[in-house]
$ cat upload.txt   # compact mmCIF, C-alpha atoms
# COMPACT_ATOMS: atom_id res chain seq x y z
CA MET A 287 14.22 48.31 -17.85
CA LYS A 288 15.53 45.23 -19.67
CA LYS A 289 13.20 43.47 -22.07
CA ILE A 290 12.70 39.74 -21.61
CA PRO A 291 13.33 37.84 -24.86
CA ILE A 292 10.15 36.48 -26.43
CA PHE A 293 11.42 32.86 -26.45
CA ILE A 294 11.89 32.95 -22.66
CA ILE A 295 8.33 34.20 -22.17
CA PHE A 296 7.07 31.44 -24.47
CA PHE A 297 9.07 28.81 -22.56
CA ILE A 298 7.72 29.95 -19.19
CA PHE A 299 4.15 30.04 -20.52
CA ALA A 300 4.48 26.56 -22.00
CA ALA A 301 5.91 25.14 -18.77
CA LEU A 302 3.13 26.67 -16.68
CA THR A 303 0.50 25.38 -19.11
CA ILE A 304 1.86 21.85 -18.97
CA THR A 305 2.06 21.94 -15.17
CA PHE A 306 -1.48 23.27 -14.86
CA PHE A 307 -2.90 20.70 -17.27
CA THR A 308 -1.08 17.83 -15.56
CA THR A 309 -2.29 18.73 -12.07
CA TRP A 310 -5.80 19.72 -13.20
CA ASN A 311 -6.17 16.48 -15.13
CA SER A 312 -5.14 14.30 -12.17
CA GLY A 313 -8.61 14.17 -10.67
CA ARG A 314 -10.25 13.19 -13.93
CA SER A 315 -7.59 10.56 -14.63
CA ASN A 316 -7.96 9.09 -11.15
CA THR A 317 -11.66 8.68 -11.84
CA ASP A 318 -10.64 6.80 -14.98
CA THR A 319 -8.49 4.47 -12.86
CA HIS A 320 -11.37 3.77 -10.48
CA GLN A 321 -13.68 3.10 -13.42
CA PHE A 322 -11.09 0.79 -14.98
CA ILE A 323 -10.87 -1.23 -11.76
CA ASN A 324 -14.65 -1.55 -11.54
CA GLN A 325 -14.98 -2.55 -15.20
CA TRP A 326 -12.03 -4.90 -15.64
CA MET A 327 -10.97 -6.08 -12.19
CA ARG A 328 -14.23 -7.06 -10.54
CA ASN A 329 -15.27 -10.67 -10.26
CA GLU A 330 -18.96 -11.53 -10.60
CA ASN A 331 -19.32 -11.69 -6.81
CA GLY A 332 -17.91 -8.16 -6.43
CA THR A 333 -14.46 -9.15 -5.20
CA LEU A 334 -11.41 -7.43 -6.70
CA ALA A 335 -9.40 -9.65 -9.04
CA THR A 336 -5.62 -9.60 -8.83
CA ASN A 337 -5.14 -9.57 -12.63
CA ILE A 338 -7.32 -8.81 -15.62
CA HIS A 339 -6.92 -12.27 -17.13
CA GLN A 340 -7.42 -15.68 -15.60
CA SER A 341 -4.17 -17.63 -15.25
CA THR A 342 -2.78 -20.73 -13.58
CA ALA A 343 0.67 -19.16 -13.14
CA GLN A 344 1.35 -17.81 -9.65
CA ASP A 345 3.18 -14.54 -9.01
CA SER A 346 5.85 -14.05 -6.33
CA ASP A 347 3.12 -13.81 -3.67
CA GLU A 348 1.51 -17.12 -4.69
CA VAL A 349 -1.47 -15.40 -6.30
CA GLN A 350 -2.87 -16.16 -9.72
CA GLY A 351 -5.28 -14.64 -12.20
CA ARG A 352 -8.65 -13.64 -10.82
CA GLU A 353 -8.03 -14.57 -7.19
CA ALA A 354 -9.14 -11.89 -4.72
CA LEU A 355 -7.00 -10.49 -1.91
CA SER A 356 -7.87 -8.88 1.41
CA GLU A 357 -4.99 -6.50 0.60
CA SER A 358 -6.98 -5.08 -2.32
CA LEU A 359 -10.09 -4.74 -0.18
CA GLY A 360 -8.29 -2.64 2.44
CA LEU A 361 -6.62 -0.37 -0.11
CA LEU A 362 -9.93 0.38 -1.83
CA MET A 363 -11.54 1.13 1.54
CA LEU A 364 -8.78 3.65 2.28
CA TYR A 365 -9.37 5.23 -1.13
CA ALA A 366 -13.08 5.50 -0.30
CA ILE A 367 -12.15 7.29 2.93
CA GLU A 368 -9.99 9.82 1.05
CA THR A 369 -12.77 10.53 -1.45
CA GLU A 370 -15.61 10.23 1.11
CA ASP A 371 -17.19 7.69 -1.24
CA LYS A 372 -19.58 5.82 1.05
CA PRO A 373 -21.09 3.54 -1.65
CA THR A 374 -17.64 2.19 -2.52
CA PHE A 375 -16.81 1.79 1.17
CA ASP A 376 -20.07 -0.04 1.86
CA GLN A 377 -19.57 -2.34 -1.12
CA SER A 378 -16.15 -3.25 0.25
CA TYR A 379 -17.56 -3.68 3.76
CA HIS A 380 -20.23 -6.05 2.43
CA THR A 381 -17.56 -8.10 0.64
CA LEU A 382 -15.47 -8.22 3.82
CA VAL A 383 -18.14 -9.50 6.19
CA ASN A 384 -19.87 -11.83 3.74
CA LEU A 385 -16.92 -13.42 1.95
CA PHE A 386 -13.57 -12.77 3.63
CA MET A 387 -14.34 -12.79 7.33
CA GLU A 388 -15.27 -15.44 9.88
CA GLU A 389 -17.41 -14.73 12.94
CA SER A 390 -14.27 -14.93 15.07
CA GLY A 391 -12.74 -11.93 13.30
CA PHE A 392 -10.39 -14.04 11.18
CA VAL A 393 -9.95 -12.61 7.66
CA TYR A 394 -8.78 -14.86 4.82
CA TRP A 395 -5.92 -13.28 2.90
CA LYS A 396 -7.14 -14.60 -0.45
CA LEU A 397 -10.17 -16.24 -2.07
CA THR A 398 -10.78 -17.86 -5.44
CA LYS A 399 -12.60 -15.77 -8.03
CA ASN A 400 -15.80 -17.53 -6.88
CA GLY A 401 -15.24 -16.57 -3.25
CA LYS A 402 -14.08 -19.98 -2.06
CA VAL A 403 -11.37 -20.56 0.55
CA GLU A 404 -8.33 -22.62 -0.47
CA ASP A 405 -5.74 -21.15 1.92
CA PRO A 406 -6.75 -21.10 5.62
CA THR A 407 -4.41 -18.25 6.60
CA ASN A 408 -4.66 -14.52 7.14
CA ALA A 409 -2.09 -11.73 6.67
CA LEU A 410 -1.38 -9.31 9.50
CA VAL A 411 -0.56 -6.39 7.21
CA ASP A 412 -3.90 -6.69 5.41
CA ASP A 413 -5.88 -7.10 8.64
CA LEU A 414 -4.28 -4.01 10.17
CA ARG A 415 -5.04 -1.99 7.04
CA ILE A 416 -8.68 -3.06 7.18
CA VAL A 417 -8.91 -2.24 10.90
CA LYS A 418 -7.56 1.24 10.17
CA ALA A 419 -9.99 1.75 7.29
CA LEU A 420 -12.98 0.59 9.35
CA THR A 421 -12.01 2.87 12.23
CA GLU A 422 -11.62 5.86 9.92
CA GLY A 423 -14.92 4.94 8.27
CA TYR A 424 -16.64 4.96 11.65
CA LEU A 425 -15.18 8.38 12.49
CA LEU A 426 -16.30 9.75 9.13
CA TRP A 427 -19.81 8.28 8.86
CA GLN A 428 -20.62 7.30 12.47
CA GLU A 429 -21.95 3.84 11.60
CA SER A 430 -21.35 1.59 14.59
CA LYS A 431 -21.06 -1.58 12.48
CA TYR A 432 -17.72 -0.36 11.13
CA LYS A 433 -16.33 0.04 14.63
CA ASP A 434 -17.81 -3.28 15.76
CA THR A 435 -16.18 -5.12 12.86
CA ALA A 436 -12.85 -3.39 13.50
CA ASN A 437 -13.05 -4.61 17.10
CA GLN A 438 -13.87 -8.15 15.96
CA ILE A 439 -10.78 -8.31 13.79
CA SER A 440 -8.61 -6.58 16.39
CA HIS A 441 -9.74 -9.00 19.09
CA PHE A 442 -8.76 -11.95 16.93
CA LEU A 443 -5.33 -10.48 16.28
CA GLY A 444 -4.64 -9.78 19.95
CA LYS A 445 -5.89 -13.18 21.07
CA ASN A 446 -4.38 -15.45 18.41
CA MET A 447 -1.41 -13.77 16.75
CA MET A 448 0.85 -12.80 19.64
CA ASN A 449 4.26 -14.43 19.96
CA LYS A 450 6.38 -13.11 22.84
CA SER A 451 4.59 -9.75 22.92
CA THR A 452 4.82 -9.34 19.15
CA LEU A 453 2.17 -9.76 16.47
CA THR A 454 3.28 -12.23 13.80
CA ASP A 455 2.90 -12.41 10.03
CA PHE A 456 0.02 -14.87 9.81
CA TYR A 457 -2.21 -17.39 11.57
CA ASP A 458 -3.06 -20.78 10.06
CA ARG A 459 -6.57 -21.99 10.96
CA SER A 460 -5.87 -25.55 9.81
CA ASN A 461 -3.43 -26.20 12.66
CA GLU A 462 -4.12 -23.16 14.88
CA ALA A 463 -0.50 -22.04 14.53
CA ARG A 464 1.03 -18.59 14.25
CA SER A 465 4.26 -17.74 12.47
CA ASP A 466 7.51 -17.06 14.32
CA THR A 467 8.42 -14.08 12.13
CA ILE A 468 7.23 -10.50 11.83
CA THR A 469 7.87 -8.69 8.54
CA LEU A 470 8.74 -5.12 9.53
CA SER A 471 6.67 -3.54 6.76
CA TYR A 472 3.58 -5.17 8.31
CA LEU A 473 3.78 -3.07 11.48
CA ASP A 474 1.38 -0.27 10.58
CA ILE A 475 1.85 2.15 13.47
CA GLU A 476 -1.51 3.90 13.09
CA ALA A 477 -3.31 0.57 13.21
CA LEU A 478 -1.29 -0.62 16.20
CA LYS A 479 -2.34 2.54 18.04
CA ILE A 480 -5.97 1.61 17.40
CA LEU A 481 -5.38 -1.86 18.84
CA VAL A 482 -3.71 -0.60 22.01
CA GLN A 483 -6.24 2.22 22.53
CA ASN A 484 -9.06 -0.34 22.44
CA ASN A 485 -7.23 -2.79 24.73
CA HIS A 486 -6.74 -5.51 22.12
CA ILE A 487 -3.00 -5.51 22.78
CA THR A 488 -1.14 -4.40 25.90
CA ASN A 489 0.92 -1.25 26.08
CA ASP A 490 4.01 -3.41 26.63
CA SER A 491 3.31 -5.25 23.37
CA TYR A 492 2.74 -1.97 21.56
CA MET A 493 6.03 -0.55 22.82
CA ARG A 494 7.84 -3.77 21.88
CA MET A 495 6.61 -3.47 18.29
CA ILE A 496 7.55 0.21 18.19
CA GLU A 497 11.04 -0.81 19.27
CA LEU A 498 11.21 -3.43 16.51
CA SER A 499 9.97 -0.88 13.94
CA THR A 500 12.63 1.70 14.74
CA GLY A 501 15.56 0.08 16.55
CA PHE A 502 17.07 -2.02 13.80
CA PRO A 503 20.59 -1.66 12.34
CA LEU A 504 20.78 -0.57 8.69
CA LYS A 505 22.77 -2.13 5.88
CA ASN A 506 23.90 0.50 3.38
CA GLY A 507 21.06 2.69 4.61
CA LEU A 508 18.44 0.00 4.04
CA ALA A 509 16.21 -1.76 6.57
CA PRO A 510 15.96 -5.47 7.35
CA LYS A 511 13.08 -7.44 5.85
CA SER A 512 11.88 -9.14 9.03
CA TYR A 513 12.52 -10.12 12.63
CA ARG A 514 12.76 -13.74 13.74
CA ILE A 515 11.03 -13.79 17.11
CA ASP A 516 12.31 -17.13 18.39
CA ARG A 517 15.92 -16.22 17.57
CA ASN A 518 15.75 -12.53 18.52
CA GLU A 519 17.31 -11.69 15.17
CA TYR A 520 16.74 -9.26 12.31
CA LEU A 521 16.85 -10.81 8.83
CA TYR A 522 18.03 -9.05 5.68
CA ASP A 523 17.24 -9.97 2.08
CA ASP A 524 20.11 -9.98 -0.40
CA GLU A 525 17.74 -8.45 -2.95
CA VAL A 526 15.80 -5.63 -1.32
CA ASN A 527 12.22 -4.94 -2.39
CA MET A 528 11.55 -1.20 -2.50
CA ILE A 529 7.90 -1.65 -1.54
CA ASP A 530 9.02 -3.18 1.77
CA GLN A 531 11.59 -0.43 2.31
CA LEU A 532 9.06 2.34 1.67
CA LEU A 533 6.45 0.77 3.94
CA VAL A 534 8.99 0.49 6.77
CA ALA A 535 9.93 4.15 6.25
CA LEU A 536 6.27 5.13 6.11
CA ASN A 537 5.62 3.36 9.40
CA LYS A 538 8.62 5.09 10.99
CA SER A 539 7.45 8.48 9.73
CA GLN A 540 4.23 8.03 11.71
CA LEU A 541 6.46 8.12 14.79
CA SER A 542 8.36 11.18 13.50
CA GLU A 543 11.35 8.90 12.89
CA ASN A 544 13.33 9.66 9.74
CA SER A 545 14.73 7.28 7.14
CA LYS A 546 17.57 9.49 6.00
CA GLY A 547 19.62 6.74 4.36
CA LEU A 548 16.71 5.53 2.23
CA ILE A 549 15.70 9.05 1.18
CA GLU A 550 19.27 9.90 0.18
CA PHE A 551 19.46 6.70 -1.86
CA ILE A 552 16.15 7.44 -3.59
CA TYR A 553 17.22 10.99 -4.44
CA SER A 554 20.47 9.64 -5.89
CA GLU A 555 18.61 7.17 -8.10
CA LEU A 556 16.04 9.70 -9.31
CA ASN A 557 18.61 12.43 -9.94
CA ASN A 558 21.13 10.17 -11.69
CA LYS A 559 18.84 7.73 -13.52
CA GLY A 560 15.42 9.35 -13.41
CA ILE A 561 13.83 6.12 -12.20
CA LEU A 562 13.52 3.89 -9.14
CA TYR A 563 13.76 0.16 -9.77
CA GLY A 564 11.69 -2.45 -7.96
CA GLU A 565 14.59 -4.24 -6.25
CA TYR A 566 18.22 -3.55 -5.38
CA ASN A 567 21.14 -5.61 -4.13
CA ILE A 568 21.71 -4.69 -0.50
CA GLU A 569 25.51 -4.91 -0.79
CA THR A 570 26.13 -3.12 -4.11
CA LEU A 571 22.99 -0.93 -4.17
CA LYS A 572 22.68 -1.76 -7.85
CA PRO A 573 19.30 -2.71 -9.33
CA SER A 574 18.69 -6.45 -9.39
CA VAL A 575 15.65 -6.16 -11.70
CA ASP A 576 14.94 -4.06 -14.76
CA TYR A 577 11.35 -3.14 -13.95
CA GLU A 578 9.67 -0.20 -12.28
CA SER A 579 6.41 -0.35 -10.36
CA PRO A 580 3.76 2.38 -10.17
CA ALA A 581 3.08 1.11 -6.64
CA VAL A 582 6.66 2.00 -5.64
CA TYR A 583 6.12 5.57 -6.80
CA GLY A 584 2.72 5.65 -5.09
CA LEU A 585 4.23 4.61 -1.77
CA LEU A 586 7.01 7.14 -2.25
CA ILE A 587 4.32 9.81 -2.68
CA MET A 588 2.67 8.74 0.59
CA LEU A 589 6.01 8.78 2.41
CA SER A 590 6.82 12.22 0.97
CA ILE A 591 3.49 13.55 2.23
CA GLU A 592 4.22 12.23 5.72
CA ILE A 593 7.65 13.89 5.81
CA GLU A 594 6.38 17.10 4.14
CA ASN A 595 8.64 16.76 1.09
CA LYS A 596 6.57 18.25 -1.73
CA LYS A 597 9.42 18.23 -4.25
CA LEU A 598 9.97 14.48 -3.87
CA ALA A 599 6.23 13.77 -3.92
CA LEU A 600 5.74 15.59 -7.22
CA LYS A 601 8.83 13.99 -8.76
CA ALA A 602 7.42 10.56 -7.89
CA TYR A 603 3.97 11.58 -9.15
CA GLU A 604 5.27 12.75 -12.51
CA ARG A 605 7.09 9.47 -13.06
CA MET A 606 4.18 7.36 -11.81
CA ILE A 607 1.59 8.76 -14.22
CA GLU A 608 3.84 7.89 -17.16
CA PHE A 609 2.65 4.32 -16.55
CA ARG A 610 -1.04 5.30 -16.79
CA SER A 611 -2.80 4.29 -19.98
CA PRO A 612 -4.44 7.09 -22.01
CA GLY A 613 -6.03 4.57 -24.38
CA THR A 614 -9.72 3.87 -24.70
CA LYS A 615 -9.92 0.18 -23.75
CA TYR A 616 -7.97 0.31 -20.49
CA ARG A 617 -8.12 4.05 -19.91
CA GLY A 618 -6.71 4.98 -16.50
CA ALA A 619 -4.99 1.62 -15.95
CA TYR A 620 -1.36 1.40 -14.87
CA SER A 621 1.35 -0.83 -16.33
CA ILE A 622 -0.73 -2.61 -18.95
CA SER A 623 1.45 -5.36 -20.42
CA PRO A 624 1.65 -6.16 -24.15
CA GLU A 625 -0.73 -9.04 -23.39
CA GLY A 626 -3.26 -6.61 -21.91
CA ASN A 627 -2.72 -7.51 -18.26
CA THR A 628 -1.90 -5.68 -15.04
CA HIS A 629 -1.71 -6.29 -11.28
CA ILE A 630 -4.31 -4.61 -9.10
CA PHE A 631 -1.72 -3.47 -6.51
CA ASP A 632 -0.10 -1.36 -9.24
CA ASN A 633 -3.45 0.36 -9.72
CA LEU A 634 -4.82 0.68 -6.19
CA VAL A 635 -1.69 2.24 -4.68
CA PRO A 636 -1.47 5.00 -7.35
CA LEU A 637 -5.23 5.54 -7.01
CA LEU A 638 -4.87 6.08 -3.26
CA SER A 639 -1.69 8.15 -3.46
CA ILE A 640 -3.18 10.63 -5.93
CA GLU A 641 -6.17 11.25 -3.66
CA LYS A 642 -3.79 11.87 -0.78
CA LEU A 643 -1.87 14.35 -2.94
CA LYS A 644 -5.10 16.14 -3.85
CA ASN A 645 -6.26 16.28 -0.23
CA LYS A 646 -2.84 17.63 0.74
CA GLY A 647 -3.34 20.40 -1.82
CA TRP A 648 -0.18 19.61 -3.77
CA ILE A 649 -2.11 18.79 -6.96
CA SER A 650 -5.66 19.71 -7.94

$ encode --input "upload.txt" --output "structure tokens"
Amino acid sequence: MKKIPIFIIFFIFAALTITFFTTWNSGRSNTDTHQFINQWMRNENGTLATNIHQSTAQDSDEVQGREALSESLGLLMLYAIETEDKPTFDQSYHTLVNLFMEESGFVYWKLTKNGKVEDPTNALVDDLRIVKALTEGYLLWQESKYKDTANQISHFLGKNMMNKSTLTDFYDRSNEARSDTITLSYLDIEALKILVQNNHITNDSYMRMIELSTGFPLKNGLAPKSYRIDRNEYLYDDEVNMIDQLLVALNKSQLSENSKGLIEFIYSELNNKGILYGEYNIETLKPSVDYESPAVYGLLIMLSIEIENKKLALKAYERMIEFRSPGTKYRGAYSISPEGNTHIFDNLVPLLSIEKLKNKGWIS
């Protein structure tokens, strides 16, 4: 029998120890992230602030400083579902019905830090996420108010946001107008199923949106950004946002539709460069920005879970947690800038994705 050299045994032991510590520590570190959000990214009224620090400068989504988004509310509700954390879910529900939502079922997409309305529009993607979270909350805890509120929002969407059998990006209360575009990443298939099952949209409308979600032509393996309803035309961005691409692929995966071109591109980037940038040029497939986003890796984890690709999920996870702060002041936070700031989306998506990984049994 051949003897195994001592240095090989040591190497194997060290690798197993590091792997065990990393996966074992994930749960504790995710708790740190949740605590960081509650400590640093809560406004006095309980809403979730977009950034740590107040600012007058708007980001690419026209959000600034301590403004609160319905997007953040829905993501935290989904996290509460994964962890079966009813107090966090109920806190979010209270914020929804008392600050964000009108009696009609209309949900404002953003509020000031004081809970005031300055933009009279909603956002379909955020509303669908909230509907899904409320429905899952009802199934988990059997409180009828969750289901009733989900139906309120769903009814508003079906009644006011249809354009030629397709839900649109937003509705503007100031002029009672809906957009003429649907961003493909907004079409959350699981949420659309809830709407059609409860008769808030017709089956024809549902099938039309399924067709839009899956029947588009690719450019270099990448999906279009949106569909212009009045022109019956898909629109492509020159600079492709990976968050949009991953959400489109995630939606397709819920229909057992693959996104082979995107997955091959991601593997190529991770294998050759070790990182995935936030945006790429659709013609050259070269990065058009020099930043990474923990949210991109979080969405890649969720997609990998849907397509049962454990190797890709763990590769994304290992890169994502490199952005998590081990320090004492902002312990658990992701992508803290030199100025001590971060965006809540880059914290909520990793928070949710890690819980999904744990519930899948791929980390502990």

$ atom_distance --input "upload.txt" --atom1 "atom CA of Tyr424 of chain A" --atom2 "atom CA of Ala436 of chain A"
9.4 Å

$ closest_residue --input "upload.txt" --among "A:Leu634, A:Ser512, A:Ser611, A:Ser471" --to "Ala366 of chain A" --atoms "all atoms listed in the file"
A:Leu634

$ closest_residue --input "upload.txt" --among "A:Asn484, A:Thr421, A:Asn446, A:Asn518" --to "Ile367 of chain A" --atoms "only C-alpha atoms"
A:Thr421

$ closest_residue --input "upload.txt" --among "A:Ile593, A:Ile607, A:Ala335, A:Ala477" --to "Ser621 of chain A" --atoms "only C-alpha atoms"
A:Ile607

$ atom_distance --input "upload.txt" --atom1 "atom CA of Thr319 of chain A" --atom2 "atom CA of Gly613 of chain A"
11.8 Å

$ residues_around --input "upload.txt" --residues "Glu429 of chain A" --least-positions-apart "6" --cutoff "12 Å" --atoms "all atoms listed in the file" --output "tab-separated table (two decimals) with C-alpha atoms, keeping the file's coordinate frame"
chain	number	residue	atom	x	y	z
A	372	LYS	CA	-19.58	5.82	1.05
A	375	PHE	CA	-16.81	1.79	1.17
A	376	ASP	CA	-20.07	-0.04	1.86
A	379	TYR	CA	-17.56	-3.68	3.76
A	420	LEU	CA	-12.98	0.59	9.35
A	421	THR	CA	-12.01	2.87	12.23
A	422	GLU	CA	-11.62	5.86	9.92
A	423	GLY	CA	-14.92	4.94	8.27
A	435	THR	CA	-16.18	-5.12	12.86
A	436	ALA	CA	-12.85	-3.39	13.50

$ atom_distance --input "upload.txt" --atom1 "atom CA of Lys402 of chain A" --atom2 "atom CA of Leu453 of chain A"
26.7 Å

$ closest_residue --input "upload.txt" --among "A:Trp648, A:Arg517, A:Val403, A:Ile640" --to "Ser315 of chain A" --atoms "all atoms listed in the file"
A:Ile640

$ residues_around --input "upload.txt" --residues "segment 534-543 of chain A" --least-positions-apart "4" --cutoff "9 Å" --atoms "all atoms listed in the file" --output "PyMOL selection string"
chain A and resi 470-476+496+499-500+509+511+529-530+548+585-586+588-590+592-593

$ closest_residue --input "upload.txt" --among "A:Asn527, A:Gln325, A:Asn337, A:Asn449" --to "Tyr563 of chain A" --atoms "only C-alpha atoms"
A:Asn527

$ closest_residue --input "upload.txt" --among "A:Ser356, A:Thr317, A:Thr454, A:Asn567" --to "Thr336 of chain A" --atoms "only C-alpha atoms"
A:Ser356

$ residues_near_point --input "upload.txt" --point "(-11.1, -13.3, 14.6)" --cutoff "10 Å" --atoms "only C-alpha atoms" --output "PDB file with C-alpha atoms, in the frame of the given file"
ATOM      1  CA  MET A 387     -14.340 -12.790   7.330  1.00  0.00           C
ATOM      2  CA  GLU A 388     -15.270 -15.440   9.880  1.00  0.00           C
ATOM      3  CA  GLU A 389     -17.410 -14.730  12.940  1.00  0.00           C
ATOM      4  CA  SER A 390     -14.270 -14.930  15.070  1.00  0.00           C
ATOM      5  CA  GLY A 391     -12.740 -11.930  13.300  1.00  0.00           C
ATOM      6  CA  PHE A 392     -10.390 -14.040  11.180  1.00  0.00           C
ATOM      7  CA  VAL A 393      -9.950 -12.610   7.660  1.00  0.00           C
ATOM      8  CA  ASN A 408      -4.660 -14.520   7.140  1.00  0.00           C
ATOM      9  CA  THR A 435     -16.180  -5.120  12.860  1.00  0.00           C
ATOM     10  CA  ASN A 437     -13.050  -4.610  17.100  1.00  0.00           C
ATOM     11  CA  GLN A 438     -13.870  -8.150  15.960  1.00  0.00           C
ATOM     12  CA  ILE A 439     -10.780  -8.310  13.790  1.00  0.00           C
ATOM     13  CA  SER A 440      -8.610  -6.580  16.390  1.00  0.00           C
ATOM     14  CA  HIS A 441      -9.740  -9.000  19.090  1.00  0.00           C
ATOM     15  CA  PHE A 442      -8.760 -11.950  16.930  1.00  0.00           C
ATOM     16  CA  LEU A 443      -5.330 -10.480  16.280  1.00  0.00           C
ATOM     17  CA  GLY A 444      -4.640  -9.780  19.950  1.00  0.00           C
ATOM     18  CA  LYS A 445      -5.890 -13.180  21.070  1.00  0.00           C
ATOM     19  CA  ASN A 446      -4.380 -15.450  18.410  1.00  0.00           C
ATOM     20  CA  MET A 447      -1.410 -13.770  16.750  1.00  0.00           C
TER      21      MET A 447
END

$ build_atoms --input "upload.txt" --residues "segment 509-529 of chain A" --atoms "N, CA and C atoms" --output "PDB file, in the frame of the given file"
ATOM      1  N   ALA A 509      16.754  -1.065   5.397  1.00  0.00           N
ATOM      2  CA  ALA A 509      16.210  -1.760   6.570  1.00  0.00           C
ATOM      3  C   ALA A 509      16.185  -3.270   6.361  1.00  0.00           C
ATOM      4  N   PRO A 510      16.155  -4.029   7.465  1.00  0.00           N
ATOM      5  CA  PRO A 510      15.960  -5.470   7.350  1.00  0.00           C
ATOM      6  C   PRO A 510      14.557  -5.790   6.855  1.00  0.00           C
ATOM      7  N   LYS A 511      14.388  -7.008   6.348  1.00  0.00           N
ATOM      8  CA  LYS A 511      13.080  -7.440   5.850  1.00  0.00           C
ATOM      9  C   LYS A 511      12.166  -7.840   7.012  1.00  0.00           C
ATOM     10  N   SER A 512      12.723  -8.557   7.996  1.00  0.00           N
ATOM     11  CA  SER A 512      11.880  -9.140   9.030  1.00  0.00           C
ATOM     12  C   SER A 512      12.661  -9.346  10.320  1.00  0.00           C
ATOM     13  N   TYR A 513      11.921  -9.824  11.318  1.00  0.00           N
ATOM     14  CA  TYR A 513      12.520 -10.120  12.630  1.00  0.00           C
ATOM     15  C   TYR A 513      12.083 -11.520  13.023  1.00  0.00           C
ATOM     16  N   ARG A 514      13.040 -12.372  13.321  1.00  0.00           N
ATOM     17  CA  ARG A 514      12.760 -13.740  13.740  1.00  0.00           C
ATOM     18  C   ARG A 514      12.597 -13.754  15.251  1.00  0.00           C
ATOM     19  N   ILE A 515      11.373 -13.954  15.706  1.00  0.00           N
ATOM     20  CA  ILE A 515      11.030 -13.790  17.110  1.00  0.00           C
ATOM     21  C   ILE A 515      11.728 -14.818  17.994  1.00  0.00           C
ATOM     22  N   ASP A 516      11.733 -16.080  17.550  1.00  0.00           N
ATOM     23  CA  ASP A 516      12.310 -17.130  18.390  1.00  0.00           C
ATOM     24  C   ASP A 516      13.831 -17.038  18.499  1.00  0.00           C
ATOM     25  N   ARG A 517      14.463 -16.351  17.536  1.00  0.00           N
ATOM     26  CA  ARG A 517      15.920 -16.220  17.570  1.00  0.00           C
ATOM     27  C   ARG A 517      16.381 -14.814  17.948  1.00  0.00           C
ATOM     28  N   ASN A 518      15.417 -13.916  18.157  1.00  0.00           N
ATOM     29  CA  ASN A 518      15.750 -12.530  18.520  1.00  0.00           C
ATOM     30  C   ASN A 518      16.737 -11.935  17.513  1.00  0.00           C
ATOM     31  N   GLU A 519      16.356 -12.023  16.225  1.00  0.00           N
ATOM     32  CA  GLU A 519      17.310 -11.690  15.170  1.00  0.00           C
ATOM     33  C   GLU A 519      16.612 -11.000  13.998  1.00  0.00           C
ATOM     34  N   TYR A 520      17.205  -9.900  13.539  1.00  0.00           N
ATOM     35  CA  TYR A 520      16.740  -9.260  12.310  1.00  0.00           C
ATOM     36  C   TYR A 520      17.286 -10.015  11.102  1.00  0.00           C
ATOM     37  N   LEU A 521      16.456 -10.113  10.049  1.00  0.00           N
ATOM     38  CA  LEU A 521      16.850 -10.810   8.830  1.00  0.00           C
ATOM     39  C   LEU A 521      16.849  -9.843   7.653  1.00  0.00           C
ATOM     40  N   TYR A 522      17.874  -9.933   6.832  1.00  0.00           N
ATOM     41  CA  TYR A 522      18.030  -9.050   5.680  1.00  0.00           C
ATOM     42  C   TYR A 522      17.951  -9.862   4.390  1.00  0.00           C
ATOM     43  N   ASP A 523      17.249  -9.344   3.398  1.00  0.00           N
ATOM     44  CA  ASP A 523      17.240  -9.970   2.080  1.00  0.00           C
ATOM     45  C   ASP A 523      18.454  -9.493   1.285  1.00  0.00           C
ATOM     46  N   ASP A 524      19.019 -10.390   0.493  1.00  0.00           N
ATOM     47  CA  ASP A 524      20.110  -9.980  -0.400  1.00  0.00           C
ATOM     48  C   ASP A 524      19.582  -9.022  -1.471  1.00  0.00           C
ATOM     49  N   GLU A 525      18.382  -9.318  -1.962  1.00  0.00           N
ATOM     50  CA  GLU A 525      17.740  -8.450  -2.950  1.00  0.00           C
ATOM     51  C   GLU A 525      16.589  -7.733  -2.262  1.00  0.00           C
ATOM     52  N   VAL A 526      16.715  -6.434  -2.140  1.00  0.00           N
ATOM     53  CA  VAL A 526      15.800  -5.630  -1.320  1.00  0.00           C
ATOM     54  C   VAL A 526      14.643  -5.123  -2.166  1.00  0.00           C
ATOM     55  N   ASN A 527      13.433  -5.407  -1.713  1.00  0.00           N
ATOM     56  CA  ASN A 527      12.220  -4.940  -2.390  1.00  0.00           C
ATOM     57  C   ASN A 527      11.898  -3.520  -1.925  1.00  0.00           C
ATOM     58  N   MET A 528      11.757  -2.599  -2.871  1.00  0.00           N
ATOM     59  CA  MET A 528      11.550  -1.200  -2.500  1.00  0.00           C
ATOM     60  C   MET A 528      10.182  -0.962  -1.876  1.00  0.00           C
ATOM     61  N   ILE A 529       9.209  -1.797  -2.181  1.00  0.00           N
ATOM     62  CA  ILE A 529       7.900  -1.650  -1.540  1.00  0.00           C
ATOM     63  C   ILE A 529       8.043  -1.884  -0.037  1.00  0.00           C
TER      64      ILE A 529
END
